[in-house]
$ cat start-v1.txt   # compact mmCIF, C-alpha atoms and all ligand atoms
# COMPACT_ATOMS: atom_id res chain seq x y z
CA MET A 1 -0.04 64.06 0.20
CA ALA A 2 -2.07 61.97 2.68
CA GLU A 3 -2.00 58.22 2.14
CA SER A 4 -5.20 56.66 0.77
CA LEU A 5 -6.84 54.09 3.02
CA ALA A 6 -9.62 51.63 2.16
CA VAL A 7 -11.55 49.24 4.38
CA VAL A 8 -12.54 45.83 3.01
CA PRO A 9 -15.28 44.74 5.42
CA GLY A 10 -16.98 41.42 5.94
CA SER A 11 -17.85 38.69 8.36
CA PHE A 12 -15.05 36.49 6.97
CA ASP A 13 -16.34 33.31 8.63
CA PRO A 14 -13.85 32.15 7.43
CA ILE A 15 -11.86 34.18 4.88
CA THR A 16 -11.77 32.48 1.44
CA LEU A 17 -9.36 32.83 -1.47
CA GLY A 18 -12.10 34.87 -3.16
CA HIS A 19 -11.91 37.39 -0.32
CA ARG A 20 -8.12 37.34 -0.59
CA ASP A 21 -8.33 38.17 -4.30
CA VAL A 22 -10.49 41.24 -3.58
CA ILE A 23 -8.09 42.33 -0.81
CA GLU A 24 -5.06 41.90 -3.09
CA ARG A 25 -6.71 43.88 -5.89
CA THR A 26 -7.57 46.62 -3.38
CA THR A 27 -3.88 46.95 -2.47
CA GLY A 28 -3.29 47.97 -6.09
CA LEU A 29 -5.75 50.83 -5.73
CA PHE A 30 -5.00 52.26 -2.27
CA ASP A 31 -1.85 52.85 -0.21
CA GLN A 32 -3.17 51.04 2.87
CA VAL A 33 -5.90 48.44 3.34
CA ILE A 34 -7.69 47.43 6.53
CA VAL A 35 -9.60 44.16 6.43
CA GLY A 36 -12.46 44.95 8.82
CA VAL A 37 -14.09 42.01 10.56
CA ALA A 38 -17.62 42.47 11.88
CA ASP A 39 -20.46 40.29 13.04
CA ASN A 40 -23.29 40.03 10.52
CA HIS A 41 -26.44 40.03 12.68
CA ALA A 42 -28.15 37.82 10.08
CA LYS A 43 -25.57 35.03 10.37
CA GLN A 44 -24.50 32.73 13.24
CA ALA A 45 -20.68 32.70 13.09
CA LEU A 46 -18.68 29.46 13.26
CA PHE A 47 -15.50 31.25 14.36
CA SER A 48 -15.13 33.95 17.04
CA LEU A 49 -14.12 37.44 15.95
CA GLU A 50 -10.62 36.84 17.33
CA GLU A 51 -10.27 33.54 15.45
CA ARG A 52 -11.42 35.18 12.21
CA LEU A 53 -8.84 37.94 12.68
CA GLU A 54 -6.07 35.35 13.15
CA LEU A 55 -7.16 33.43 10.05
CA ILE A 56 -7.16 36.65 8.01
CA GLU A 57 -3.63 37.47 9.21
CA GLU A 58 -2.48 34.03 8.05
CA CYS A 59 -4.30 34.23 4.71
CA VAL A 60 -3.07 37.72 3.75
CA ALA A 61 0.51 37.21 4.98
CA GLY A 62 2.69 38.28 2.07
CA LEU A 63 0.39 41.10 0.98
CA GLU A 64 1.96 44.44 1.79
CA ASN A 65 0.16 47.33 3.50
CA VAL A 66 -2.72 45.15 4.71
CA ARG A 67 -3.82 44.76 8.31
CA ALA A 68 -6.86 43.23 9.96
CA ALA A 69 -9.03 44.90 12.60
CA ALA A 70 -12.26 44.18 14.45
CA ILE A 71 -15.29 46.41 13.82
CA ARG A 72 -17.41 46.33 16.98
CA GLY A 73 -19.91 49.07 16.08
CA LEU A 74 -20.97 50.66 12.82
CA LEU A 75 -18.77 50.13 9.77
CA ALA A 76 -19.28 53.75 8.66
CA GLU A 77 -18.18 55.03 12.09
CA PHE A 78 -15.14 52.72 12.04
CA CYS A 79 -14.13 54.17 8.65
CA ARG A 80 -14.47 57.71 10.02
CA GLN A 81 -12.35 56.86 13.07
CA VAL A 82 -9.48 55.28 11.10
CA GLY A 83 -9.60 57.92 8.33
CA ALA A 84 -10.77 55.66 5.51
CA THR A 85 -12.83 57.42 2.85
CA VAL A 86 -13.67 54.29 0.88
CA ILE A 87 -15.17 50.86 1.54
CA VAL A 88 -14.34 48.15 -1.02
CA LYS A 89 -16.51 45.08 -1.49
CA GLY A 90 -16.42 42.23 -3.98
CA LEU A 91 -19.59 41.51 -5.94
CA ARG A 92 -20.46 38.03 -7.17
CA GLY A 93 -23.42 39.12 -9.27
CA GLY A 94 -26.89 40.57 -9.02
CA GLN A 95 -27.81 38.90 -5.75
CA ASP A 96 -24.79 40.40 -3.99
CA LEU A 97 -25.58 43.81 -5.48
CA GLY A 98 -29.15 43.69 -4.18
CA HIS A 99 -27.78 43.01 -0.69
CA GLU A 100 -24.87 45.47 -0.83
CA GLU A 101 -26.45 48.50 -2.49
CA PRO A 102 -28.68 49.53 0.46
CA MET A 103 -25.76 49.14 2.87
CA ALA A 104 -23.56 51.29 0.62
CA LEU A 105 -26.24 54.00 0.54
CA VAL A 106 -26.80 53.92 4.31
CA ASN A 107 -23.06 54.03 5.00
CA LYS A 108 -22.79 57.07 2.71
CA GLU A 109 -25.66 58.77 4.54
CA LEU A 110 -24.17 57.99 7.96
CA THR A 111 -20.70 59.46 7.54
CA GLY A 112 -20.12 60.20 3.86
CA VAL A 113 -17.98 57.11 3.26
CA GLU A 114 -18.19 55.87 -0.34
CA THR A 115 -18.37 52.21 -1.40
CA ILE A 116 -16.59 50.84 -4.47
CA PHE A 117 -17.52 47.40 -5.80
CA LEU A 118 -15.03 45.10 -7.49
CA ALA A 119 -16.47 42.42 -9.74
CA ALA A 120 -15.43 39.03 -8.40
CA ALA A 121 -12.93 37.31 -10.67
CA PRO A 122 -14.58 34.43 -12.58
CA ALA A 123 -12.35 31.97 -10.71
CA TRP A 124 -13.97 32.98 -7.40
CA GLY A 125 -17.48 34.05 -8.38
CA HIS A 126 -19.04 30.86 -7.04
CA VAL A 127 -17.05 30.69 -3.78
CA SER A 128 -18.55 31.82 -0.47
CA SER A 129 -17.76 31.17 3.20
CA SER A 130 -21.15 29.46 3.57
CA ILE A 131 -20.50 26.98 0.74
CA VAL A 132 -16.97 26.30 1.98
CA LYS A 133 -18.28 25.51 5.48
CA ASP A 134 -20.94 23.20 4.05
CA VAL A 135 -18.45 21.34 1.86
CA ALA A 136 -16.04 20.92 4.80
CA LYS A 137 -18.85 19.83 7.12
CA HIS A 138 -19.72 17.01 4.77
CA GLY A 139 -16.13 15.85 4.30
CA GLY A 140 -15.39 17.53 0.96
CA ASP A 141 -12.02 18.98 -0.03
CA VAL A 142 -11.88 22.76 0.44
CA SER A 143 -8.17 23.21 -0.32
CA SER A 144 -8.92 25.04 -3.60
CA TYR A 145 -11.08 27.59 -1.81
CA VAL A 146 -9.19 28.56 1.36
CA SER A 147 -5.60 28.97 2.55
CA PRO A 148 -3.89 25.97 4.23
CA GLY A 149 -4.26 27.50 7.71
CA VAL A 150 -7.95 28.19 7.22
CA ARG A 151 -8.50 24.63 5.97
CA VAL A 152 -6.93 23.17 9.11
CA ALA A 153 -8.85 25.54 11.40
CA LEU A 154 -12.09 24.69 9.62
CA LEU A 155 -11.60 20.94 9.95
CA ARG A 156 -10.68 21.27 13.64
CA GLN A 157 -13.64 23.53 14.36
CA LEU A 158 -15.96 21.02 12.70
CA GLY A 159 -14.41 18.14 14.64
CA ARG A 160 -13.07 16.44 11.52
CA SER A 161 -9.66 14.80 11.22
CA VAL A 162 -6.90 16.87 9.64
CA GLN A 163 -4.72 15.13 7.05
O1 LIG A 201 -19.40 39.38 4.67
P1 LIG A 201 -20.75 39.97 5.00
O2 LIG A 201 -21.49 39.07 5.99
O3 LIG A 201 -21.55 40.29 3.77
O4 LIG A 201 -20.45 41.37 5.74
C1 LIG A 201 -21.51 42.18 6.21
C2 LIG A 201 -20.92 43.26 7.13
C3 LIG A 201 -20.23 42.63 8.33
C4 LIG A 201 -19.95 44.11 6.35
C5 LIG A 201 -22.14 44.16 7.62
O5 LIG A 201 -23.04 43.36 8.33
C6 LIG A 201 -21.66 45.33 8.49
O6 LIG A 201 -21.22 46.34 7.97
N1 LIG A 201 -21.73 45.17 9.83
C7 LIG A 201 -21.28 46.18 10.77
C8 LIG A 201 -22.47 46.92 11.44
C9 LIG A 201 -23.02 47.99 10.51
O7 LIG A 201 -22.36 48.95 10.14
N2 LIG A 201 -24.29 47.80 10.11
C10 LIG A 201 -24.99 48.71 9.22
C11 LIG A 201 -24.67 48.38 7.76
S1 LIG A 201 -25.45 49.54 6.68
$ encode --input "start-v1.txt" --output "structure tokens"
Amino acid sequence: MAESLAVVPGSFDPITLGHRDVIERTTGLFDQVIVGVADNHAKQALFSLEERLELIEECVAGLENVRAAAIRGLLAEFCRQVGATVIVKGLRGGQDLGHEEPMALVNKELTGVETIFLAAAPAWGHVSSSIVKDVAKHGGDVSSYVSPGVRVALLRQLGRSVQ
């Protein structure tokens, strides 16, 4: 039987422990998982695509059957090319659903790829890359929200001292 493959897409600027939780839970549902990194046209990224890929590799090290890849065009087309029939996204509540539902429907119309939503675990429901960047920018401690490597990269990128 063919192996099942899911894509967990996002801008991951940077990857948080909330993202990691969704990726880990996805490994329990599919044989292989690709963490797909794309630019969100609505957001100005702090890290380059290459830097985000490296930070994902560091954060998901230890999770089996997970790899990271850049998505440079349409997510739906990327899924078709790699043979993934499912997109998995974490949902942190109604606001996320309002944003994600149209994308899920368009992706389905484009190539037939389905989207499955995982409810964010309560421990991570309030965590987002945007909040983490804002906390770090203002000198707050982000070590509960991101992996050690991401924390260091974030502080360096923001020109703050790393302790
Ligand atoms: O983490 P984000 O910012 O919510 O992720 C959004 C992302 C990157 C998954 C979305 O912008 C995307 O799929 N971009 C790739 C281009 C694409 O397929 N656009 C049409 C979406 S219906």
$ residues_near_ligand --input "start-v1.txt" --ligand "ligand LIG 201 (chain A)" --cutoff "9 Å" --atoms "all atoms listed in the file" --output "ChimeraX atom specification"
/A:8-13,36-43,71-78,89,96,99-100,102-108,110,129
$ write_last_selection --input "start-v1.txt" --atoms "C-alpha atoms" --output "PDB file, keeping the file's coordinate frame"
ATOM      1  CA  VAL A   8     -12.540  45.830   3.010  1.00  0.00           C
ATOM      2  CA  PRO A   9     -15.280  44.740   5.420  1.00  0.00           C
ATOM      3  CA  GLY A  10     -16.980  41.420   5.940  1.00  0.00           C
ATOM      4  CA  SER A  11     -17.850  38.690   8.360  1.00  0.00           C
ATOM      5  CA  PHE A  12     -15.050  36.490   6.970  1.00  0.00           C
ATOM      6  CA  ASP A  13     -16.340  33.310   8.630  1.00  0.00           C
ATOM      7  CA  GLY A  36     -12.460  44.950   8.820  1.00  0.00           C
ATOM      8  CA  VAL A  37     -14.090  42.010  10.560  1.00  0.00           C
ATOM      9  CA  ALA A  38     -17.620  42.470  11.880  1.00  0.00           C
ATOM     10  CA  ASP A  39     -20.460  40.290  13.040  1.00  0.00           C
ATOM     11  CA  ASN A  40     -23.290  40.030  10.520  1.00  0.00           C
ATOM     12  CA  HIS A  41     -26.440  40.030  12.680  1.00  0.00           C
ATOM     13  CA  ALA A  42     -28.150  37.820  10.080  1.00  0.00           C
ATOM     14  CA  LYS A  43     -25.570  35.030  10.370  1.00  0.00           C
ATOM     15  CA  ILE A  71     -15.290  46.410  13.820  1.00  0.00           C
ATOM     16  CA  ARG A  72     -17.410  46.330  16.980  1.00  0.00           C
ATOM     17  CA  GLY A  73     -19.910  49.070  16.080  1.00  0.00           C
ATOM     18  CA  LEU A  74     -20.970  50.660  12.820  1.00  0.00           C
ATOM     19  CA  LEU A  75     -18.770  50.130   9.770  1.00  0.00           C
ATOM     20  CA  ALA A  76     -19.280  53.750   8.660  1.00  0.00           C
ATOM     21  CA  GLU A  77     -18.180  55.030  12.090  1.00  0.00           C
ATOM     22  CA  PHE A  78     -15.140  52.720  12.040  1.00  0.00           C
ATOM     23  CA  LYS A  89     -16.510  45.080  -1.490  1.00  0.00           C
ATOM     24  CA  ASP A  96     -24.790  40.400  -3.990  1.00  0.00           C
ATOM     25  CA  HIS A  99     -27.780  43.010  -0.690  1.00  0.00           C
ATOM     26  CA  GLU A 100     -24.870  45.470  -0.830  1.00  0.00           C
ATOM     27  CA  PRO A 102     -28.680  49.530   0.460  1.00  0.00           C
ATOM     28  CA  MET A 103     -25.760  49.140   2.870  1.00  0.00           C
ATOM     29  CA  ALA A 104     -23.560  51.290   0.620  1.00  0.00           C
ATOM     30  CA  LEU A 105     -26.240  54.000   0.540  1.00  0.00           C
ATOM     31  CA  VAL A 106     -26.800  53.920   4.310  1.00  0.00           C
ATOM     32  CA  ASN A 107     -23.060  54.030   5.000  1.00  0.00           C
ATOM     33  CA  LYS A 108     -22.790  57.070   2.710  1.00  0.00           C
ATOM     34  CA  LEU A 110     -24.170  57.990   7.960  1.00  0.00           C
ATOM     35  CA  SER A 129     -17.760  31.170   3.200  1.00  0.00           C
TER      36      SER A 129
END
$ atom_distance --input "start-v1.txt" --atom1 "atom CA of Leu158 of chain A" --atom2 "atom CA of Gly93 of chain A"
29.4 Å
$ residues_around --input "start-v1.txt" --residues "segment 19-28 of chain A" --least-positions-apart "5" --cutoff "7 Å" --atoms "all atoms listed in the file" --output "PDB file with C-alpha atoms, keeping the file's coordinate frame"
ATOM      1  CA  VAL A   8     -12.540  45.830   3.010  1.00  0.00           C
ATOM      2  CA  VAL A  33      -5.900  48.440   3.340  1.00  0.00           C
ATOM      3  CA  VAL A  60      -3.070  37.720   3.750  1.00  0.00           C
ATOM      4  CA  LEU A  63       0.390  41.100   0.980  1.00  0.00           C
ATOM      5  CA  GLY A  90     -16.420  42.230  -3.980  1.00  0.00           C
TER       6      GLY A  90
END
$ residues_around --input "start-v1.txt" --residues "Cys59 of chain A" --least-positions-apart "5" --cutoff "8 Å" --atoms "all atoms listed in the file" --output "list of chain:residue names"
A:Ile15, A:Arg20, A:Ser147, A:Gly149, A:Val150
$ write_last_selection --input "start-v1.txt" --atoms "C-alpha atoms" --output "short mmCIF file (atom, residue, chain, number, x, y, z; two decimals), in the frame of the given file"
data_model
loop_
_atom_site.label_atom_id
_atom_site.label_comp_id
_atom_site.auth_asym_id
_atom_site.auth_seq_id
_atom_site.Cartn_x
_atom_site.Cartn_y
_atom_site.Cartn_z
CA ILE A 15 -11.86 34.18 4.88
CA ARG A 20 -8.12 37.34 -0.59
CA SER A 147 -5.60 28.97 2.55
CA GLY A 149 -4.26 27.50 7.71
CA VAL A 150 -7.95 28.19 7.22
#
$ atom_distance --input "start-v1.txt" --atom1 "atom CA of Gly18 of chain A" --atom2 "atom CA of Val82 of chain A"
25.0 Å
$ closest_residue --input "start-v1.txt" --among "A:Gly125, A:Gly140, A:Val113, A:Val132" --to "Gln95 of chain A" --atoms "only C-alpha atoms"
A:Gly125
$ closest_residue --input "start-v1.txt" --among "A:Ala70, A:Leu49, A:Ala6, A:Val162" --to "Asp141 of chain A" --atoms "only C-alpha atoms"
A:Val162
$ closest_residue --input "start-v1.txt" --among "A:Lys137, A:Tyr145, A:Leu29, A:Gly83" --to "Ser161 of chain A" --atoms "all atoms listed in the file"
A:Lys137
$ atom_distance --input "start-v1.txt" --atom1 "atom CA of Glu101 of chain A" --atom2 "atom CA of Ala69 of chain A"
23.3 Å
$ axis_aligned_box --input "start-v1.txt" --around "segment 111-122 of chain A" --padding-each-side "6 Å" --output "AutoDock Vina command-line options"
--center_x -16.8 --center_y 47.3 --center_z -2.5 --size_x 19.8 --size_y 37.8 --size_z 32.1
